[in-house]
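Just start-v2.cif here, mmCIF, C-alpha atoms and all ligand atoms:
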data_query
#
loop_
_atom_site.label_atom_id
_atom_site.label_comp_id
_atom_site.auth_asym_id
_atom_site.auth_seq_id
_atom_site.Cartn_x
_atom_site.Cartn_y
_atom_site.Cartn_z
CA MET Y 1 -0.37 -10.28 -5.56
CA ALA Y 2 2.16 -12.99 -4.81
CA CYS Y 3 3.63 -12.53 -8.25
CA LEU Y 4 3.91 -8.75 -8.07
CA ASN Y 5 5.23 -9.13 -4.59
CA THR Y 6 7.90 -11.46 -5.87
CA LEU Y 7 8.74 -9.00 -8.61
CA VAL Y 8 9.11 -6.19 -6.12
CA ARG Y 9 11.26 -8.38 -3.91
CA LEU Y 10 13.37 -9.33 -6.91
CA ILE Y 11 13.98 -5.68 -7.73
CA ILE Y 12 14.78 -5.00 -4.11
CA PHE Y 13 17.14 -7.95 -3.99
CA LEU Y 14 18.95 -6.69 -7.07
CA VAL Y 15 19.17 -3.14 -5.75
CA ALA Y 16 20.29 -4.37 -2.34
CA GLY Y 17 22.91 -6.52 -3.96
CA GLY Y 18 24.23 -3.47 -5.75
CA ILE Y 19 23.67 -5.20 -9.08
CA VAL Y 20 21.40 -2.47 -10.32
CA ARG Y 21 23.21 0.74 -9.64
CA SER Y 22 21.07 2.88 -7.43
CA SER Y 23 21.22 6.65 -7.56
CA LEU Y 24 20.94 6.45 -3.79
CA ALA Y 25 24.11 4.71 -2.77
CA ASP Y 26 24.55 4.21 0.94
CA ASP Y 27 27.35 6.73 1.15
CA THR Y 28 25.28 9.65 -0.13
CA PRO Y 29 24.85 12.51 2.36
CA VAL Y 30 21.92 12.28 4.70
CA THR Y 31 18.77 13.84 3.31
CA PRO Y 32 16.16 14.52 5.96
CA VAL Y 33 13.57 11.85 6.59
CA ILE Y 34 10.79 12.96 8.89
CA GLY Y 35 8.32 10.72 10.65
CA VAL Y 36 4.74 11.99 10.64
CA LEU Y 37 2.42 10.45 13.22
CA VAL Y 38 -0.87 9.08 11.90
CA GLN Y 39 -4.08 9.78 13.79
CA GLU Y 40 -7.07 7.54 14.54
CA VAL Y 41 -10.22 8.16 12.46
CA TYR Y 42 -13.61 8.53 14.12
CA LYS Y 43 -15.51 5.24 14.13
CA ASP Y 44 -18.60 6.78 12.53
CA GLY Y 45 -16.85 9.71 10.85
CA LEU Y 46 -16.58 10.72 7.23
CA ILE Y 47 -13.64 8.45 6.41
CA SER Y 48 -15.21 5.40 8.06
CA ARG Y 49 -18.41 6.01 6.12
CA HIS Y 50 -16.63 6.17 2.76
CA PHE Y 51 -13.73 3.73 3.16
CA GLU Y 52 -13.80 0.24 4.59
CA GLY Y 53 -11.24 -0.88 7.14
CA ILE Y 54 -9.52 2.48 7.50
CA THR Y 55 -8.39 3.18 11.05
CA SER Y 56 -5.94 6.05 10.71
CA TYR Y 57 -4.92 8.89 8.42
CA ILE Y 58 -2.45 11.66 7.72
CA ALA Y 59 -3.68 14.85 6.08
CA ALA Y 60 -1.60 15.04 2.90
CA SER Y 61 -0.90 18.74 3.53
CA TYR Y 62 1.58 17.79 6.28
CA VAL Y 63 3.43 15.51 3.89
CA LYS Y 64 3.57 18.13 1.14
CA TYR Y 65 4.62 20.75 3.68
CA LEU Y 66 7.73 18.73 4.56
CA GLU Y 67 8.37 17.60 0.99
CA GLY Y 68 8.27 21.22 -0.14
CA ALA Y 69 11.18 21.90 2.19
CA GLY Y 70 13.25 18.99 0.91
CA ALA Y 71 12.32 16.18 3.29
CA ARG Y 72 10.91 12.74 2.71
CA VAL Y 73 8.20 11.37 4.95
CA VAL Y 74 7.76 8.09 6.77
CA PRO Y 75 4.36 7.50 8.37
CA ILE Y 76 4.56 6.61 12.06
CA TRP Y 77 1.87 4.16 13.14
CA ILE Y 78 -0.31 4.28 16.21
CA GLY Y 79 -1.12 1.28 18.39
CA ARG Y 80 2.41 -0.12 18.48
CA ASN Y 81 4.61 -0.80 21.50
CA ARG Y 82 7.50 1.31 22.71
CA THR Y 83 10.04 -0.89 20.92
CA TYR Y 84 8.60 0.09 17.53
CA TYR Y 85 8.95 3.82 18.24
CA ASP Y 86 12.45 3.43 19.70
CA GLN Y 87 13.61 1.46 16.67
CA LEU Y 88 12.16 4.07 14.34
CA LEU Y 89 13.66 7.01 16.23
CA VAL Y 90 17.22 5.87 15.57
CA LYS Y 91 16.66 5.94 11.79
CA ILE Y 92 14.68 9.12 11.09
CA ASN Y 93 15.82 12.73 11.47
CA GLY Y 94 12.80 14.37 13.06
CA VAL Y 95 9.17 13.89 14.10
CA LEU Y 96 6.09 15.91 13.18
CA LEU Y 97 2.99 15.64 15.36
CA PRO Y 98 0.14 16.89 13.16
CA GLY Y 99 -2.98 18.70 14.20
CA GLY Y 100 -6.38 17.07 14.17
CA ALA Y 101 -9.08 16.21 16.64
CA THR Y 102 -8.73 13.39 19.11
CA TRP Y 103 -8.81 13.09 22.88
CA PHE Y 104 -5.60 12.41 24.75
CA ASN Y 105 -7.33 9.72 26.87
CA GLN Y 106 -7.98 7.38 23.94
CA SER Y 107 -5.68 4.43 24.54
CA GLY Y 108 -3.56 3.01 21.75
CA GLY Y 109 -3.98 6.11 19.63
CA TYR Y 110 -2.28 9.38 18.71
CA ALA Y 111 -1.64 10.46 22.31
CA ASP Y 112 0.01 7.20 23.41
CA ALA Y 113 2.16 7.04 20.30
CA GLY Y 114 3.05 10.71 20.81
CA GLU Y 115 4.10 9.96 24.36
CA TYR Y 116 6.46 7.18 23.25
CA LEU Y 117 7.91 9.44 20.57
CA ILE Y 118 8.40 12.35 22.94
CA GLN Y 119 10.00 10.14 25.61
CA GLY Y 120 12.18 8.44 23.03
CA ALA Y 121 13.26 11.76 21.50
CA MET Y 122 14.08 13.18 24.94
CA GLU Y 123 16.25 10.15 25.71
CA LEU Y 124 18.05 10.47 22.37
CA ASN Y 125 18.70 14.17 22.95
CA ASP Y 126 19.94 13.36 26.47
CA ARG Y 127 22.42 10.97 24.87
CA GLY Y 128 23.65 13.71 22.54
CA VAL Y 129 21.61 12.79 19.44
CA PHE Y 130 19.88 15.87 18.06
CA MET Y 131 16.28 14.73 17.51
CA PRO Y 132 13.80 17.55 16.77
CA ILE Y 133 10.02 17.38 17.20
CA TRP Y 134 7.52 19.74 15.63
CA GLY Y 135 3.97 19.96 16.98
CA THR Y 136 1.25 21.72 14.99
CA CYS Y 137 -1.99 22.68 16.74
CA LEU Y 138 -3.09 19.47 18.51
CA GLY Y 139 0.52 18.31 18.15
CA MET Y 140 1.74 21.35 20.09
CA GLU Y 141 -0.97 20.72 22.69
CA LEU Y 142 0.16 17.09 23.06
CA LEU Y 143 3.84 18.03 23.27
CA ILE Y 144 3.20 20.45 26.12
CA PHE Y 145 0.70 18.13 27.86
CA LYS Y 146 3.04 15.12 27.82
CA MET Y 147 6.08 17.11 28.90
CA ALA Y 148 4.02 18.49 31.78
CA ASN Y 149 3.48 14.90 32.96
CA GLU Y 150 -0.10 15.01 31.74
CA VAL Y 151 -1.17 17.96 33.81
CA GLU Y 152 -3.97 19.42 31.67
CA THR Y 153 -3.54 23.17 31.42
CA ARG Y 154 -5.40 23.82 28.18
CA ILE Y 155 -8.36 26.13 28.34
CA ASP Y 156 -11.34 26.41 26.02
CA CYS Y 157 -10.83 28.92 23.33
CA SER Y 158 -12.52 29.94 20.14
CA SER Y 159 -10.32 30.26 17.11
CA GLN Y 160 -11.91 28.32 14.33
CA GLY Y 161 -11.30 29.69 10.87
CA GLN Y 162 -9.33 32.66 12.13
CA SER Y 163 -6.37 34.21 10.32
CA LEU Y 164 -4.15 36.10 12.71
CA PRO Y 165 -0.84 37.91 13.05
CA LEU Y 166 1.71 36.88 15.70
CA GLU Y 167 2.15 39.27 18.60
CA PHE Y 168 5.84 38.77 19.32
CA LYS Y 169 7.23 38.82 22.84
CA LEU Y 170 10.03 41.32 23.45
CA ASP Y 171 12.75 38.66 23.46
CA TYR Y 172 11.47 36.57 20.54
CA LYS Y 173 14.77 37.05 18.69
CA GLU Y 174 16.51 35.04 21.41
CA SER Y 175 14.58 32.00 20.28
CA ARG Y 176 15.99 29.48 17.86
CA LEU Y 177 12.80 29.55 15.79
CA PHE Y 178 13.04 33.25 14.96
CA ALA Y 179 16.74 34.04 15.52
CA SER Y 180 17.53 33.96 11.82
CA ALA Y 181 14.18 35.14 10.48
CA SER Y 182 14.49 37.96 7.94
CA ASP Y 183 12.96 41.37 8.60
CA ASN Y 184 10.36 40.56 5.96
CA ILE Y 185 9.31 37.36 7.73
CA ILE Y 186 8.98 39.22 11.01
CA THR Y 187 7.05 42.06 9.36
CA ILE Y 188 4.49 39.83 7.64
CA HIS Y 189 3.92 37.87 10.84
CA SER Y 190 3.49 40.94 12.99
CA LYS Y 191 1.39 42.95 10.54
CA GLU Y 192 -0.59 40.55 8.40
CA ASN Y 193 -3.15 37.80 9.04
CA VAL Y 194 -0.85 35.06 7.81
CA THR Y 195 -1.30 32.36 10.45
CA TYR Y 196 -4.43 30.25 10.07
CA ASN Y 197 -6.02 29.01 13.28
CA TRP Y 198 -8.48 26.20 13.81
CA HIS Y 199 -8.57 25.20 17.45
CA LYS Y 200 -10.92 25.09 20.41
CA PHE Y 201 -8.29 24.64 23.09
CA CYS Y 202 -5.28 26.78 23.82
CA TYR Y 203 -2.60 27.59 26.36
CA THR Y 204 -2.14 30.94 28.07
CA GLU Y 205 0.96 32.61 29.45
CA GLU Y 206 -0.84 33.04 32.73
CA ASP Y 207 -1.24 29.28 33.11
CA PHE Y 208 2.28 28.69 31.89
CA SER Y 209 3.53 30.79 34.82
CA LYS Y 210 1.06 29.24 37.24
CA TYR Y 211 2.12 25.69 36.42
CA GLY Y 212 5.81 26.46 35.93
CA LEU Y 213 5.68 25.60 32.23
CA ASN Y 214 7.37 28.91 31.48
CA GLU Y 215 10.55 27.45 33.02
CA SER Y 216 10.84 24.79 30.35
CA TRP Y 217 9.15 26.50 27.41
CA ARG Y 218 9.96 29.81 25.77
CA VAL Y 219 6.92 31.65 24.48
CA MET Y 220 7.78 33.67 21.39
CA SER Y 221 4.35 34.99 20.49
CA VAL Y 222 0.71 35.16 21.47
CA SER Y 223 -2.42 35.80 19.41
CA HIS Y 224 -6.04 36.65 20.25
CA ASP Y 225 -9.05 34.43 19.55
CA TRP Y 226 -12.56 35.48 18.42
CA ASN Y 227 -13.43 36.35 22.05
CA ASN Y 228 -10.22 38.30 22.50
CA ILE Y 229 -8.70 35.60 24.71
CA GLU Y 230 -4.95 35.77 24.47
CA PHE Y 231 -3.35 32.42 23.66
CA ILE Y 232 0.19 31.20 23.08
CA SER Y 233 0.79 30.88 19.35
CA THR Y 234 4.46 29.80 19.16
CA VAL Y 235 6.71 28.03 21.68
CA GLU Y 236 10.00 26.21 21.78
CA HIS Y 237 11.46 24.07 24.52
CA ARG Y 238 14.36 25.70 26.34
CA ILE Y 239 16.48 22.52 26.32
CA TYR Y 240 15.14 20.11 23.72
CA PRO Y 241 14.77 20.93 20.00
CA PHE Y 242 10.98 20.76 20.34
CA TYR Y 243 8.73 23.36 18.69
CA GLY Y 244 5.04 24.08 18.78
CA VAL Y 245 2.71 26.33 16.82
CA GLN Y 246 -0.98 26.63 17.63
CA PHE Y 247 -1.82 27.65 14.06
CA HIS Y 248 -1.54 25.62 10.84
CA PRO Y 249 1.41 26.65 8.65
CA GLU Y 250 0.59 23.86 6.16
CA LYS Y 251 -2.94 25.05 5.40
CA PRO Y 252 -2.29 28.27 3.43
CA LEU Y 253 0.07 26.21 1.28
CA TYR Y 254 -1.98 23.08 0.71
CA GLU Y 255 -5.56 23.21 1.96
CA PHE Y 256 -8.36 24.76 -0.08
CA THR Y 257 -11.39 23.54 1.83
CA LYS Y 258 -12.40 26.73 3.63
CA ALA Y 259 -12.80 30.22 2.25
CA SER Y 260 -11.21 31.50 5.45
CA ILE Y 261 -7.81 29.91 4.75
CA PRO Y 262 -5.45 32.65 3.54
CA HIS Y 263 -3.52 32.05 0.33
CA THR Y 264 -1.83 35.43 0.03
CA SER Y 265 1.81 35.45 -1.00
CA ALA Y 266 2.69 36.51 2.56
CA SER Y 267 0.82 33.53 4.07
CA ILE Y 268 2.66 31.20 1.68
CA LEU Y 269 6.00 32.67 2.76
CA SER Y 270 4.94 32.15 6.35
CA GLY Y 271 4.16 28.46 5.83
CA GLN Y 272 7.40 27.93 3.95
CA TYR Y 273 9.37 29.66 6.67
CA PHE Y 274 8.27 27.18 9.32
CA ALA Y 275 8.69 24.17 7.02
CA ASN Y 276 12.21 25.26 6.07
CA PHE Y 277 13.12 25.91 9.67
CA PHE Y 278 12.06 22.48 10.86
CA VAL Y 279 13.54 20.54 7.97
CA ASN Y 280 16.81 22.42 8.56
CA GLU Y 281 16.69 21.27 12.18
CA ALA Y 282 16.22 17.70 10.94
CA ARG Y 283 19.31 18.12 8.72
CA ARG Y 284 21.36 18.40 11.92
CA ASN Y 285 20.46 14.83 12.76
CA LEU Y 286 22.77 12.50 10.85
CA GLN Y 287 20.97 9.21 11.43
CA LYS Y 288 19.85 7.15 8.49
CA TYR Y 289 18.35 3.85 7.53
CA SER Y 290 21.01 1.18 7.31
CA ASN Y 291 20.18 0.66 3.65
CA THR Y 292 18.09 2.45 1.07
CA VAL Y 293 15.80 -0.55 0.61
CA ASP Y 294 14.64 -0.45 4.21
CA LEU Y 295 13.84 3.21 3.70
CA ASP Y 296 12.16 2.71 0.32
CA LEU Y 297 9.78 0.22 1.89
CA VAL Y 298 8.53 2.59 4.59
CA LEU Y 299 8.37 5.92 2.76
CA ILE Y 300 4.96 7.52 2.27
CA TYR Y 301 5.38 6.94 -1.50
CA ASN Y 302 4.12 3.39 -0.87
CA PHE Y 303 0.68 4.94 -0.34
CA LYS Y 304 -1.59 7.06 -2.49
CA PRO Y 305 -3.53 9.97 -1.02
CA GLU Y 306 -7.30 10.07 -1.53
CA TYR Y 307 -9.07 13.20 -2.76
CA THR Y 308 -11.27 13.59 0.30
CA SER Y 309 -12.46 17.20 0.19
CA VAL Y 310 -14.95 16.15 -2.51
CA LEU Y 311 -16.48 13.85 0.09
CA GLY Y 312 -16.80 16.72 2.54
CA SER Y 313 -13.51 16.42 4.42
CA SER Y 314 -11.78 19.55 5.68
CA TYR Y 315 -8.60 18.10 4.17
CA THR Y 316 -8.09 18.32 0.41
CA GLN Y 317 -6.25 15.00 0.35
CA GLN Y 318 -5.61 12.35 2.99
CA TYR Y 319 -3.44 9.28 3.27
CA LEU Y 320 -5.59 6.49 4.71
CA PHE Y 321 -4.32 3.41 6.53
CA SER Y 322 -5.75 0.13 7.79
CA ASP Y 323 -4.64 -1.88 10.82
CA GLY Y 324 -2.94 -4.19 8.33
CA ASP Y 325 -0.87 -1.30 6.97
CA MET Y 326 0.11 -0.40 10.51
CA GLY Y 327 1.04 -3.94 11.49
CA ILE Y 328 -1.55 -4.16 14.24
CA GLY Y 329 -4.69 -6.19 14.79
CA ASP Y 330 -5.42 -9.10 12.47
CA GLY Y 331 -4.45 -7.24 9.32
CA ASP Y 332 -3.16 -9.43 6.52
CA ASP Y 333 0.03 -7.52 5.90
CA ASP Y 334 3.19 -9.58 5.86
CA ASP Y 335 6.09 -9.35 8.30
CA ASP Y 336 5.78 -6.82 11.06
CA GLY Y 337 3.90 -4.19 9.17
CA THR Y 338 6.99 -2.16 8.37
CA SER Y 339 6.77 -3.04 4.71
CA TYR Y 340 3.80 -2.53 2.49
CA TYR Y 341 3.18 -3.11 -1.18
CA PRO Y 342 0.13 -1.22 -2.36
CA TYR Y 343 -0.61 -3.53 -5.23
CA PRO Y 344 -4.02 -5.00 -6.02
CA ASN Y 345 -4.67 -8.35 -4.43
CA ASN Y 346 -5.78 -10.17 -7.55
CA ASP Y 347 -3.72 -12.97 -8.94
CA ASP Y 348 -5.51 -13.34 -12.24
CA GLY Y 349 -3.92 -14.67 -15.40
CA ALA Y 350 -3.21 -11.30 -16.96
CA ALA Y 351 -1.31 -10.08 -13.94
CA THR Y 352 0.69 -13.27 -13.76
CA GLN Y 353 1.59 -13.02 -17.40
CA PHE Y 354 2.57 -9.39 -17.03
CA CYS Y 355 4.68 -10.35 -14.09
CA THR Y 356 6.47 -13.21 -15.74
CA LYS Y 357 7.27 -11.07 -18.76
CA THR Y 358 8.44 -8.17 -16.65
CA SER Y 359 10.62 -10.37 -14.45
CA PHE Y 360 12.12 -11.92 -17.53
CA LEU Y 361 12.84 -8.52 -19.10
CA LEU Y 362 14.30 -7.31 -15.85
CA ILE Y 363 16.68 -10.23 -15.60
CA ILE Y 364 17.74 -9.75 -19.21
CA THR Y 365 18.27 -6.03 -18.64
CA VAL Y 366 20.37 -6.66 -15.57
CA ALA Y 367 22.41 -9.32 -17.33
CA VAL Y 368 23.04 -7.04 -20.31
CA SER Y 369 23.92 -4.05 -18.14
CA ARG Y 370 26.38 -6.16 -16.13
CA TRP Y 371 27.89 -7.46 -19.30
CA LEU Y 372 28.23 -3.94 -20.70
CA SER Y 373 29.84 -2.46 -17.60
C1 LIG R 401 6.55 -5.18 20.33
O1 LIG R 401 5.82 -5.58 19.20
C2 LIG R 401 6.53 -6.42 18.30
C3 LIG R 401 5.65 -6.69 17.11
O2 LIG R 401 5.27 -5.51 16.52
C4 LIG R 401 6.92 -7.71 19.00
O3 LIG R 401 7.70 -8.50 18.14
C5 LIG R 401 7.71 -7.39 20.25
O4 LIG R 401 7.97 -8.57 20.97
C6 LIG R 401 6.97 -6.40 21.14
N1 LIG R 401 7.83 -5.99 22.21
C7 LIG R 401 7.42 -5.87 23.46
C8 LIG R 401 8.45 -5.41 24.43
O5 LIG R 401 6.28 -6.11 23.79
C1 LIG R 402 -11.99 11.31 27.05
O1 LIG R 402 -12.23 12.64 27.43
C2 LIG R 402 -13.40 13.21 26.84
C3 LIG R 402 -13.46 14.67 27.24
O2 LIG R 402 -13.24 14.85 28.58
C4 LIG R 402 -14.62 12.43 27.26
O3 LIG R 402 -15.77 12.97 26.66
C5 LIG R 402 -14.45 10.98 26.85
O4 LIG R 402 -15.53 10.22 27.31
C6 LIG R 402 -13.15 10.41 27.41
N1 LIG R 402 -12.93 9.08 26.82
C7 LIG R 402 -12.44 8.08 27.50
C8 LIG R 402 -12.22 6.81 26.75
O5 LIG R 402 -12.20 8.14 28.71
C1 LIG R 403 -6.79 40.95 9.98
O1 LIG R 403 -8.08 40.47 10.28
C2 LIG R 403 -8.86 41.37 11.06
C3 LIG R 403 -10.21 40.72 11.29
O2 LIG R 403 -10.06 39.48 11.87
C4 LIG R 403 -9.02 42.70 10.36
O3 LIG R 403 -9.72 43.59 11.21
C5 LIG R 403 -7.67 43.27 10.00
O4 LIG R 403 -7.83 44.44 9.22
C6 LIG R 403 -6.84 42.25 9.20
N1 LIG R 403 -5.53 42.78 8.99
C7 LIG R 403 -4.96 42.87 7.80
C8 LIG R 403 -3.61 43.49 7.73
O5 LIG R 403 -5.51 42.46 6.78
C1 LIG R 404 8.01 31.83 35.31
O1 LIG R 404 6.95 32.45 35.95
C2 LIG R 404 7.18 32.71 37.32
C3 LIG R 404 5.91 33.24 37.92
O2 LIG R 404 5.46 34.36 37.20
C4 LIG R 404 8.36 33.68 37.44
O3 LIG R 404 8.65 33.95 38.81
C5 LIG R 404 9.58 33.10 36.77
O4 LIG R 404 10.64 34.02 36.76
C6 LIG R 404 9.25 32.71 35.34
N1 LIG R 404 10.38 31.99 34.77
C7 LIG R 404 10.93 32.32 33.60
C8 LIG R 404 12.07 31.47 33.15
O5 LIG R 404 10.52 33.25 32.94
#

Starting from the coordinates I provided, produce the structure as C-alpha cells.
Amino acid sequence: MACLNTLVRLIIFLVAGGIVRSSLADDTPVTPVIGVLVQEVYKDGLISRHFEGITSYIAASYVKYLEGAGARVVPIWIGRNRTYYDQLLVKINGVLLPGGATWFNQSGGYADAGEYLIQGAMELNDRGVFMPIWGTCLGMELLIFKMANEVETRIDCSSQGQSLPLEFKLDYKESRLFASASDNIITIHSKENVTYNWHKFCYTEEDFSKYGLNESWRVMSVSHDWNNIEFISTVEHRIYPFYGVQFHPEKPLYEFTKASIPHTSASILSGQYFANFFVNEARRNLQKYSNTVDLDLVLIYNFKPEYTSVLGSSYTQQYLFSDGDMGIGDGDDDDDGTSYYPYPNNDDGAATQFCTKTSFLLIITVAVSRWLS
C-alpha cells in the first residue's frame, strides 16, 4: 500500500511538475465536471448484507448518464460540514441530486448534504456564478422541499414501475428545459410512454398554488399515476438554474433490472435529451479545479462500480463507499478524505518488488523523454 501510494504520488508529482507532459494542460477549455451526491445505505439493507463497511452509494446509471453527455463525475460525500460543500462548489460545474429512498429527517445524510449544496449553489448564483442543479425523483423532491424552507407538500402517490408520457402545460415552450427541444422530442414525450416512474411521493399543481410554490417554480408538465392522481413531472426554478424531474431519465439508458423499464429508441432519446440539456447547462459554468491533479484524485474513476443487480439490487451497478472514502468517522483514509487510492492494502514482497521496478522504469522513462525533448 505504502509503496503503491508512493508510486502514485511520484507520478502525480511528475505530472504536477509538468515533467511528464499531460494531455490535460491547465489551459485547456473547461470540460464539465458534475458532482453527484452519494446517498446513505440502509443499515440492514442489501448492500450492508453483502459488503462490509459500506455506508453510502451512487447508482452507476447516474454516472453513465452524465458521462454519456460528455461530463466527468466527482462523488459528493454526505456527513461533511458546510465548508466541504462550499469548497467543492467553487470547483465543479453542476450538481446532480439522484433519486433513491431515504427520509429527509435523517441527520448527516443525503438531505443535509443536499441542503448545503442547494444553499451554496443559491449563494453562488446570487453572486453571478451560474451553478446548475438537477434533481431526479427524490432529488427533485428534496430540491423543492429545501427551497420551500422544509414545508412538506409531498403527497402519497402510486407510480412504481410506470412508463408515462408527459402532459405538457400550454406554456411549456417558455421554459428553459424545453425551449430548444426538437419537434421529435416533444412528440415522443407527449405521445409515447418514454418516462419511467418509480416513486411513492409526488407534488401536485394544486398544492403548488396553495403553498405559493408556483411563484418560484415553473411546472412544464404533469403525468398521472396508477390511481389517476395527477402529479408534477417536470419543473424548473424561475430564477435559479435548478431543474427537477419526477421520473428517471437514466433508467431506460442504463438500468435493466425491471421488465417495466422501457428501452425503446424513443425512451433512449428521451434520456439523452435530459442528460444533454443538463450537461450543456454545466458548460456555462467556467469554474475548474486549480490543477488537473486535484481533479484526478477526486474523479469517480478512482472507484470501481460493483455489479449489484445479481445480488438483487434494483440498480445494475453501484459505486459503494465507506466512511473512510468519505473522510468521515474513524476511516483510515489519509488527509481529509478528498483523495483516495483504491489499491489493495497488502504490502507483500511481490508488490514491493513490482513497485520498485515500476518506479525505476518510470524515472528512466522520464529522464529519457526529457533528454529527447
Ligand atoms: C469542517 O471539517 C473539516 C474536516 O473535514 C475541518 O478541518 C474543518 O475545521 C471543519 N470546519 C468547520 C467550520 O467545522
Ligand atoms: C423520519 O420520518 C419517517 C417518516 O415520517 C419516520 O418513520 C422516521 O421515524 C423518522 N426518523 C427520524 C430519525 O426522525
Ligand atoms: C402507454 O401505457 C398505457 C398503459 O399504462 C397504454 O394504455 C398506452 O397504450 C401506452 N401508450 C403507448 C403509445 O404505447
Ligand atoms: C400561483 O397560484 C396562485 C393561486 O392559484 C395564483 O393567484 C397566482 O397567479 C399563481 N402564480 C403564478 C406565477 O402562476

Closest of Y:Ile144, Y:Leu164, Y:Val73, Y:Leu286 to ligand LIG 403 (chain R) - atom-to-atom distances counting only C-alpha atoms and all ligand atoms: Y:Leu164

Close residues, Y:Tyr243 itself excluded, 6 Å, all atoms listed in the file, min 3 positions apart in chain, as a ChimeraX atom specification: /Y:134,235-236

Output C-alpha atoms for every residue in that selection, as a short mmCIF file (atom, residue, chain, number, x, y, z; two decimals), in the coordinates of the input.
data_model
loop_
_atom_site.label_atom_id
_atom_site.label_comp_id
_atom_site.auth_asym_id
_atom_site.auth_seq_id
_atom_site.Cartn_x
_atom_site.Cartn_y
_atom_site.Cartn_z
CA TRP Y 134 7.52 19.74 15.63
CA VAL Y 235 6.71 28.03 21.68
CA GLU Y 236 10.00 26.21 21.78
#

Neighbourhood of ligand LIG 402 (chain R) at 7 Å, counting only C-alpha atoms and all ligand atoms, reported as a list in words: Trp103, Phe104, Asn105 and Gln106 of chain Y

Output C-alpha atoms for every residue in that selection, as a PDB file, in the coordinates of the input.
ATOM      1  CA  TRP Y 103      -8.810  13.090  22.880  1.00  0.00           C
ATOM      2  CA  PHE Y 104      -5.600  12.410  24.750  1.00  0.00           C
ATOM      3  CA  ASN Y 105      -7.330   9.720  26.870  1.00  0.00           C
ATOM      4  CA  GLN Y 106      -7.980   7.380  23.940  1.00  0.00           C
TER       5      GLN Y 106
END

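For the pair atom CA of Y:Ile239 and atom CA of Y:Leu97, the interatomic distance is 18.7 Å.
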
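Considering only C-alpha atoms and all ligand atoms, every residue of the polymer chains approaching ligand LIG 401 (chain R) to 7 Å or closer is listed here: Arg80, Asn81, Arg82, Thr83, Tyr84, Gly327 and Asp336 of chain Y.
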
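Residues of protein or nucleic acid lying within 8 Å of ligand LIG 403 (chain R), counting only C-alpha atoms and all ligand atoms, are Y:Gln162, Y:Ser163, Y:Leu164, Y:Pro165, Y:Lys191, Y:Glu192, Y:Asn193.
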
Would you compute an axis-aligned box for ligand LIG 404 (chain R), covering every atom listed for it in the file with 4 Å of margin on each side, and report centre and edge lengths in Å to one decimal as lines of an AutoDock Vina configuration file?
center_x = 8.8
center_y = 32.9
center_z = 35.9
size_x = 14.6
size_y = 10.9
size_z = 13.9

Protein and nucleic residues near ligand LIG 404 (chain R), 6 Å, only C-alpha atoms and all ligand atoms, as a ChimeraX atom specification: /Y:209,212,214-215

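Residue nearest Y:Thr308 within the list Y:Gln272, Y:Glu52, Y:Leu320, Y:Ser182: Y:Leu320 [criterion: smallest interatomic distance, only C-alpha atoms].
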
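If all atoms listed in the file are the atoms counted, then among Y:Glu150, Y:Asp156, Y:Glu306, Y:Asp86 the closest residue to Y:Leu124 is Y:Asp86.
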
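Comparing Y:Ile78, Y:Val38, Y:Ile186, Y:Cys157 by their smallest distance to Y:Ala60, the closest is Y:Val38 (using all atoms listed in the file).
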
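Across the model, the gap from atom CA of Y:Tyr315 to atom CA of Y:Ala259 is 13.0 Å.
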
Selected residue of minimal separation from Y:Pro241 among Y:Gly312, Y:Gly329, Y:Pro132, Y:Gly271, counting all atoms listed in the file: Y:Pro132

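If you measure from each of Y:Asp323, Y:Glu123, Y:Glu205, Y:Glu250 to Y:Ile229 using only C-alpha atoms, the closest one turns out to be Y:Glu205.
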
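Atom CA of Y:Arg154 sits 24.4 Å away from atom CA of Y:Arg176.
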
Radius query 9 Å about (-3.7, 23.5, 20.3), atoms used: only C-alpha atoms, as an NGL selection string: :Y and (99 or 136-142 or 154 or 198-203 or 233 or 244-247)

Long-range neighbours of Y:Arg284 as a PyMOL selection string, 8 Å cut-off, only C-alpha atoms, 4 positions minimum in chain: chain Y and resi 93+130+280

Selection as a VMD selection string: residues within 8 Å of (13.3, 15.8, 2.4), counting all atoms listed in the file: chain Y and resid 31 to 34 66 to 73 279

Can I get a file of stretch 147-155 of chain Y from the given structure, N, CA and C atoms kept, as a tab-separated table (two decimals), in the first residue's frame?
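After the write, out-v5.tsv holds the following:
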chain	number	residue	atom	x	y	z
Y	147	MET	N	-36.10	24.28	-0.80
Y	147	MET	CA	-36.33	25.65	-1.23
Y	147	MET	C	-37.65	26.19	-0.71
Y	148	ALA	N	-38.49	25.30	-0.18
Y	148	ALA	CA	-39.74	25.73	0.46
Y	148	ALA	C	-39.53	25.83	1.97
Y	149	ASN	N	-38.27	25.98	2.38
Y	149	ASN	CA	-37.94	26.05	3.82
Y	149	ASN	C	-38.51	24.87	4.59
Y	150	GLU	N	-38.42	23.72	3.99
Y	150	GLU	CA	-38.80	22.46	4.64
Y	150	GLU	C	-40.28	22.34	4.95
Y	151	VAL	N	-41.09	23.07	4.22
Y	151	VAL	CA	-42.53	22.83	4.34
Y	151	VAL	C	-42.82	21.61	3.46
Y	152	GLU	N	-43.33	20.54	4.10
Y	152	GLU	CA	-43.56	19.29	3.37
Y	152	GLU	C	-44.89	19.38	2.61
Y	153	THR	N	-44.80	19.35	1.30
Y	153	THR	CA	-46.03	19.44	0.50
Y	153	THR	C	-46.19	18.22	-0.40
Y	154	ARG	N	-45.34	17.21	-0.18
Y	154	ARG	CA	-45.49	15.99	-0.99
Y	154	ARG	C	-46.74	15.24	-0.54
Y	155	ILE	N	-47.37	14.59	-1.48
Y	155	ILE	CA	-48.48	13.71	-1.12
Y	155	ILE	C	-48.09	12.27	-1.49
